[in-house]
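Text of data_18.txt, listed as compact mmCIF, C-alpha atoms:
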# COMPACT_ATOMS: atom_id res chain seq x y z
CA MET A 1 43.74 -16.65 58.56
CA LYS A 2 43.02 -17.20 62.27
CA ASN A 3 41.93 -15.18 65.27
CA VAL A 4 41.23 -11.94 63.51
CA ARG A 5 39.46 -9.27 65.51
CA ALA A 6 37.36 -7.10 63.21
CA LEU A 7 35.39 -3.89 63.60
CA ILE A 8 32.44 -3.35 61.24
CA ILE A 9 31.08 0.20 61.00
CA ASP A 10 27.76 0.76 59.26
CA ASP A 11 24.54 2.49 60.31
CA SER A 12 22.58 -0.53 59.07
CA SER A 13 22.63 -3.50 61.44
CA VAL A 14 21.57 -5.71 58.54
CA MET A 15 24.60 -4.61 56.53
CA ARG A 16 26.91 -5.19 59.50
CA LYS A 17 25.66 -8.78 59.68
CA ILE A 18 26.07 -9.24 55.92
CA VAL A 19 29.64 -7.94 56.05
CA GLU A 20 30.47 -10.29 58.94
CA ARG A 21 29.02 -13.25 57.04
CA SER A 22 30.98 -12.27 53.92
CA LEU A 23 34.23 -12.11 55.90
CA ARG A 24 33.64 -15.60 57.24
CA GLN A 25 32.71 -16.86 53.75
CA ALA A 26 35.92 -15.29 52.46
CA GLY A 27 37.87 -17.56 54.80
CA LEU A 28 38.65 -15.27 57.71
CA ASP A 29 38.57 -16.95 61.11
CA LEU A 30 37.11 -14.14 63.17
CA SER A 31 37.78 -14.45 66.88
CA GLU A 32 35.80 -11.32 67.68
CA VAL A 33 33.54 -8.96 65.74
CA LYS A 34 32.81 -5.52 67.12
CA GLU A 35 30.14 -3.31 65.63
CA ALA A 36 29.62 0.44 65.50
CA SER A 37 26.87 2.42 63.81
CA ASN A 38 29.00 5.48 62.96
CA GLY A 39 32.55 6.77 63.02
CA ALA A 40 32.34 8.44 66.42
CA GLU A 41 31.08 5.27 68.07
CA ALA A 42 33.90 3.34 66.39
CA LEU A 43 36.60 5.73 67.61
CA ALA A 44 35.32 5.44 71.18
CA LEU A 45 35.30 1.67 70.91
CA LEU A 46 38.82 1.48 69.48
CA ALA A 47 40.29 3.46 72.36
CA ASN A 48 40.07 0.36 74.56
CA SER A 49 39.61 -2.50 72.12
CA PRO A 50 42.28 -3.09 69.49
CA VAL A 51 41.36 -4.88 66.25
CA GLU A 52 43.28 -6.20 63.25
CA LEU A 53 40.79 -5.18 60.55
CA ILE A 54 38.21 -2.42 60.03
CA LEU A 55 35.37 -2.42 57.48
CA CYS A 56 33.67 0.94 57.16
CA ASP A 57 30.69 2.45 55.32
CA ILE A 58 30.92 6.05 54.07
CA ASN A 59 27.42 7.54 54.38
CA MET A 60 26.57 7.47 58.09
CA PRO A 61 25.02 9.94 60.50
CA VAL A 62 27.05 11.62 63.30
CA MET A 63 30.46 10.91 61.73
CA ASP A 64 30.87 9.57 58.20
CA GLY A 65 33.44 7.06 57.05
CA LEU A 66 35.82 9.55 55.46
CA GLU A 67 36.11 11.61 58.65
CA PHE A 68 36.52 8.40 60.66
CA VAL A 69 39.48 7.29 58.53
CA GLN A 70 41.13 10.68 58.90
CA ARG A 71 40.67 10.72 62.68
CA LEU A 72 41.85 7.15 62.99
CA LYS A 73 45.42 8.34 62.41
CA GLY A 74 45.35 9.79 65.93
CA VAL A 75 44.34 6.51 67.59
CA ALA A 76 47.41 4.73 68.97
CA ASN A 77 45.60 1.36 69.08
CA ALA A 78 44.87 1.51 65.37
CA LYS A 79 48.33 2.17 63.91
CA GLY A 80 48.74 0.04 60.78
CA VAL A 81 45.28 -1.50 61.02
CA PRO A 82 43.90 -1.81 57.49
CA VAL A 83 40.61 -0.07 56.76
CA VAL A 84 38.43 -1.18 53.85
CA MET A 85 35.53 1.01 52.80
CA ILE A 86 32.31 -0.82 51.86
CA THR A 87 29.85 1.62 50.35
CA THR A 88 27.27 2.44 47.70
CA GLU A 89 29.22 5.59 46.84
CA GLY A 90 31.11 4.25 43.85
CA GLY A 91 32.43 7.45 42.28
CA GLU A 92 36.12 7.94 41.58
CA THR A 93 36.19 11.03 43.78
CA HIS A 94 35.03 9.02 46.79
CA VAL A 95 37.58 6.29 46.10
CA VAL A 96 40.42 8.83 45.85
CA GLN A 97 39.22 10.65 49.00
CA ALA A 98 39.03 7.40 50.95
CA LEU A 99 42.41 6.12 49.85
CA SER A 100 44.02 9.55 50.41
CA ALA A 101 42.56 9.65 53.91
CA GLY A 102 44.18 6.32 54.73
CA ALA A 103 41.81 3.55 53.64
CA ARG A 104 43.61 0.56 52.12
CA GLY A 105 40.74 -0.88 50.11
CA TYR A 106 37.38 0.01 48.59
CA ILE A 107 34.44 -2.29 47.88
CA ARG A 108 31.24 -1.11 46.21
CA LYS A 109 27.84 -2.44 47.27
CA PRO A 110 26.45 -4.78 46.08
CA PHE A 111 29.46 -7.02 46.65
CA THR A 112 30.23 -10.72 46.40
CA PRO A 113 32.23 -12.85 48.88
CA ASP A 114 34.87 -13.14 46.13
CA GLN A 115 35.34 -9.37 46.15
CA VAL A 116 35.72 -9.44 49.93
CA ARG A 117 38.28 -12.23 49.59
CA GLU A 118 40.20 -10.33 46.92
CA HIS A 119 40.25 -6.96 48.68
CA VAL A 120 40.43 -7.90 52.36
CA LEU A 121 42.49 -11.07 52.79
CA PRO A 122 45.77 -9.71 51.39
CA LEU A 123 45.53 -6.75 53.77
CA VAL A 124 45.05 -8.91 56.83
CA GLU A 125 47.84 -11.28 55.78
CA GLY A 126 50.12 -8.30 55.19
CA SER A 127 49.47 -6.71 58.56
CA LYS A 128 49.90 -9.84 60.71
CA MET B 1 30.81 22.80 34.82
CA SER B 2 28.54 19.87 35.70
CA THR B 3 25.45 19.34 33.65
CA MET B 4 22.53 17.19 34.55
CA PRO B 5 22.40 13.97 32.55
CA GLU B 6 19.41 13.74 30.26
CA VAL B 7 16.55 12.11 32.16
CA SER B 8 15.41 9.52 29.71
CA ALA B 9 12.97 6.84 30.78
CA GLU B 10 13.97 4.91 27.69
CA LYS B 11 17.63 4.82 28.78
CA TRP B 12 17.22 4.84 32.55
CA LEU B 13 14.50 2.24 32.95
CA PRO B 14 16.66 -0.70 31.76
CA LEU B 15 19.53 0.54 33.96
CA LEU B 16 17.24 0.73 36.99
CA GLU B 17 15.88 -2.71 36.19
CA HIS B 18 19.39 -4.13 35.79
CA SER B 19 20.58 -2.43 39.00
CA THR B 20 17.69 -3.96 40.92
CA HIS B 21 18.27 -7.45 39.53
CA GLU B 22 21.97 -7.19 40.41
CA VAL B 23 21.23 -6.29 44.03
CA PHE B 24 18.76 -9.15 44.40
CA ASP B 25 21.11 -11.62 42.65
CA ILE B 26 24.22 -10.67 44.63
CA MET B 27 22.98 -9.60 48.05
CA LEU B 28 19.80 -11.67 48.39
CA ARG B 29 20.70 -14.59 46.11
CA SER B 30 17.14 -14.33 44.88
CA LYS B 31 15.49 -13.82 41.54
CA LEU B 32 12.85 -11.23 40.79
CA GLU B 33 10.10 -11.98 38.31
CA ALA B 34 9.07 -9.31 35.84
CA SER B 35 5.53 -8.11 36.35
CA LYS B 36 3.04 -5.68 34.90
CA PRO B 37 1.73 -2.48 36.46
CA GLU B 38 -0.75 -3.38 39.15
CA SER B 39 -2.61 -1.78 41.96
CA MET B 40 -0.54 -1.62 45.15
CA THR B 41 -3.31 -1.70 47.70
CA GLY B 42 -2.37 -2.61 51.23
CA VAL B 43 1.26 -1.62 50.76
CA GLU B 44 2.90 -1.84 54.16
CA PHE B 45 6.50 -0.81 53.54
CA THR B 46 7.87 2.11 51.53
CA ALA B 47 11.65 2.60 51.59
CA MET B 48 12.98 5.85 50.15
CA VAL B 49 16.40 7.24 49.34
CA GLY B 50 16.91 10.81 48.20
CA LEU B 51 19.28 11.83 45.44
CA ALA B 52 20.91 15.27 45.54
CA GLY B 53 23.39 16.85 43.17
CA ILE B 54 23.25 17.02 39.39
CA VAL B 55 20.18 14.81 39.70
CA CYS B 56 17.67 15.46 42.48
CA GLY B 57 14.81 13.15 43.29
CA VAL B 58 13.78 10.11 45.23
CA LEU B 59 13.92 6.38 44.66
CA SER B 60 11.24 4.37 46.42
CA ILE B 61 10.63 0.66 46.89
CA ARG B 62 7.16 -0.48 47.99
CA CYS B 63 5.98 -3.89 49.05
CA CYS B 64 3.85 -5.75 51.59
CA HIS B 65 4.98 -6.88 55.03
CA LYS B 66 5.46 -10.45 53.86
CA SER B 67 7.82 -9.37 51.07
CA ALA B 68 9.79 -7.09 53.40
CA THR B 69 10.26 -10.02 55.77
CA GLN B 70 11.33 -12.27 52.88
CA ILE B 71 13.83 -9.61 51.79
CA ALA B 72 15.31 -9.44 55.29
CA SER B 73 15.36 -13.24 55.43
CA ALA B 74 17.25 -13.49 52.14
CA MET B 75 19.71 -10.73 53.03
CA LEU B 76 20.57 -12.20 56.40
CA GLY B 77 20.24 -15.91 55.63
CA LEU B 78 17.69 -16.27 58.41
CA PRO B 79 14.38 -18.16 58.40
CA PRO B 80 11.49 -15.74 57.69
CA LYS B 81 10.11 -16.26 61.21
CA ASP B 82 13.31 -14.77 62.64
CA ALA B 83 13.73 -12.01 60.08
CA GLY B 84 10.68 -9.82 60.72
CA GLU B 85 12.42 -7.54 63.19
CA HIS B 86 15.04 -6.72 60.54
CA ALA B 87 12.53 -5.82 57.79
CA TRP B 88 12.81 -2.05 58.30
CA ASP B 89 16.56 -1.99 58.16
CA ALA B 90 16.69 -4.46 55.25
CA MET B 91 14.25 -2.37 53.18
CA GLY B 92 16.27 0.79 53.80
CA GLU B 93 19.51 -0.89 52.86
CA LEU B 94 17.88 -2.41 49.77
CA ALA B 95 16.76 1.04 48.58
CA ASN B 96 20.22 2.41 49.32
CA MET B 97 21.95 -0.30 47.28
CA VAL B 98 19.54 -0.10 44.32
CA ALA B 99 19.87 3.71 44.20
CA GLY B 100 23.67 3.57 44.54
CA ASN B 101 24.05 0.81 41.99
CA PHE B 102 21.82 2.70 39.57
CA LYS B 103 23.62 6.04 39.85
CA ASN B 104 26.99 4.33 39.45
CA LYS B 105 25.82 3.12 36.03
CA ILE B 106 25.02 6.61 34.70
CA ASP B 107 27.95 8.47 33.15
CA GLY B 108 29.02 11.40 35.30
CA MET B 109 26.46 10.78 38.03
CA SER B 110 28.26 8.65 40.60
CA ASP B 111 30.54 11.46 41.79
CA LYS B 112 28.12 14.32 41.41
CA CYS B 113 25.01 12.91 43.00
CA LEU B 114 24.87 11.92 46.65
CA LEU B 115 22.41 9.64 48.40
CA SER B 116 20.52 10.44 51.58
CA VAL B 117 20.24 8.11 54.54
CA PRO B 118 17.24 5.83 53.75
CA THR B 119 13.79 6.46 55.22
CA VAL B 120 11.30 3.62 55.71
CA ILE B 121 7.58 4.15 56.25
CA THR B 122 5.31 1.37 57.40
CA GLY B 123 1.54 1.05 57.62
CA ALA B 124 -1.22 0.23 55.16
CA ASP B 125 -3.26 3.40 55.24
CA TYR B 126 -1.16 6.16 53.72
CA SER B 127 -0.44 7.69 50.33
CA PHE B 128 2.98 8.71 49.08
CA LYS B 129 3.47 11.82 46.96
CA SER B 130 6.83 13.12 45.82
CA LEU B 131 6.96 16.77 44.77
CA THR B 132 8.91 16.05 41.63
CA ASP B 133 7.78 17.44 38.32
CA SER B 134 8.46 14.57 35.99
CA THR B 135 6.78 11.30 35.21
CA PRO B 136 8.27 8.63 37.46
CA ILE B 137 10.28 5.77 36.01
CA GLU B 138 8.48 2.76 37.41
CA ILE B 139 9.12 -0.98 37.45
CA TRP B 140 6.92 -3.74 38.81
CA PHE B 141 8.32 -7.05 39.93
CA ARG B 142 7.07 -10.08 41.79
CA PHE B 143 9.11 -11.38 44.70
CA HIS B 144 7.96 -14.65 46.28
CA GLY B 145 4.67 -14.14 44.44
CA GLU B 146 3.99 -10.69 45.92
CA PRO B 147 4.18 -7.35 44.08
CA LEU B 148 7.21 -5.13 44.50
CA HIS B 149 7.21 -1.65 42.98
CA ILE B 150 10.22 0.56 42.32
CA ALA B 151 9.90 4.18 41.27
CA LEU B 152 12.46 6.86 40.49
CA GLU B 153 11.07 10.38 40.53
CA VAL B 154 13.39 13.14 39.38
CA HIS B 155 13.28 16.94 39.49
CA SER B 156 14.00 18.34 36.05
Can you present the structure in this file as structure tokens?
Amino acid sequence: MKNVRALIIDDSSVMRKIVERSLRQAGLDLSEVKEASNGAEALALLANSPVELILCDINMPVMDGLEFVQRLKGVANAKGVPVVMITTEGGETHVVQALSAGARGYIRKPFTPDQVREHVLPLVEGSK
Amino acid sequence: MSTMPEVSAEKWLPLLEHSTHEVFDIMLRSKLEASKPESMTGVEFTAMVGLAGIVCGVLSIRCCHKSATQIASAMLGLPPKDAGEHAWDAMGELANMVAGNFKNKIDGMSDKCLLSVPTVITGADYSFKSLTDSTPIEIWFRFHGEPLHIALEVHS
């Protein structure tokens, strides 16, 4: 998988770096990694910078991950871009809410590179 | 109607211990050593995450500056000398993951109990008092030879 532009959204800069490292360990060749610390920042960034993959936390200040996924439907640049939630909120209700809102995958923290490979790679391959 | 799960130190302590080991194994690729209760003088980092819903309380992780730097180093795969600036964030995220992993292991709690954004306090000269009314569930570990204390305090 080559030249993938990814957007990682998490209010923890440490977690954003861990997610990026996990994507690379999973075999993704990332040409560019953009970072945002909440959903609102991510939406502003996406308006001018298209990506092929979005990884998003749920619990964040300003705009949480569920609202971000819902609002993403109105962003022309993001049509068909897969969103995978990476979060500590592991309850079934959150999973259903995220998938109903438009997320394509859901990974619970703590997560292994194998889980990232299993949940993310097929989505990127399918959207290219 | 949602009912609060029975707060049982006997049942919850091993789950909290297991949740903590899992986070260290998976996200830090590090092992924790079991330890005994000990005085935590000179604690420099306290990371806290609130729980709200059918269970209300706070989970806290306390350790010294050296341990917090080692935790950031292990999480990020950086040498300790380059990891110090990330210690705050790493401690907050550690508390978040331990609390989330723990609540996801309790029947009926994962959906009905939300976590707060983590808070991290630093400094050696302070005391920490949660206004909960139950005896905390506490675990002591050693990480890189230094004490690490985890406590879950719950409102009944």
Check: which chain B residues lie within 7 Å of chain A using only C-alpha atoms, as a list in words: Val23, Ile26, Met27, Leu76, His86, Asp89, Ala90, Glu93, Met97, Gly100, Asn101, Asn104, Ser110 and Asp111 of chain B
Nearest candidate to Ala36 in chain A (options A:Leu66, A:Met85, A:Leu123, A:Cys56; using only C-alpha atoms):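 Of all the options, A:Cys56 lies closest to Ala36 in chain A.
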Selection: 12 Å around Ser134 in chain B, all atoms listed in the file, excl. self and same-chain fewer than 3 positions, as a list in words: Val7, Ser8, Ala9, Cys56, Gly57, Val58, Ser130, Leu131, Ile137, Glu138, Ala151, Leu152, Glu153, Val154, His155 and Ser156 of chain B
Closest of B:Ile54, B:Ala74, B:Leu15, B:Leu59 to Lys31 in chain B - atom-to-atom distances counting only C-alpha atoms: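 Checking each candidate against Lys31 in chain B, we get B:Ala74 as the closest.
Near Pro14 in chain B, within a cut-off of 12 Å and counting all atoms listed in the file, sit the residues B:Ser8, B:Ala9, B:Glu10, B:Lys11, B:Glu17, B:His18, B:Ser19, B:Thr20, B:His21, B:Phe102, B:Lys105, B:Ile106, B:Ile137, B:Glu138, B:Ile139, with same-chain residues fewer than 3 positions away left out.
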Atomic distance CA of Asp64 in chain A - CA of Arg24 in chain A, expressed in Å with one decimal: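 Distance reported for this atom pair: 25.3 Å.
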Pick from A:Asn38, A:Ala26, A:Val96, A:Leu7 nearest to Val83 in chain A, counting only C-alpha atoms: A:Leu7
Atom pair CA of Ile121 in chain B / CA of Phe45 in chain B: separation (Å): 5.8 Å
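If you look at CA of Pro122 in chain A and CA of Leu45 in chain A, they are 24.9 Å away from each other.
Of the listed residues (B:Ser127, B:Thr122, B:Ser73, B:Ser60), B:Ser127 comes nearest to Thr41 in chain B; the distances count all atoms listed in the file.
Each of B:Glu6, B:Glu22, B:Glu38, B:Glu44 was compared to Phe141 in chain B using all atoms listed in the file, and B:Glu38 turns out to be the nearest.
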Polymer residues at most 12 Å from Thr46 in chain B, all atoms listed in the file, same-chain spacing of 4 or more positions, as a PyMOL selection string: chain B and resi 40+42+58-65+67-68+87-92+94-95+118-129+148-151
Nearest-residue call for Arg104 in chain A, choices A:Leu46, A:Val4, A:Ile9, A:Pro82, using all atoms listed in the file: A:Pro82
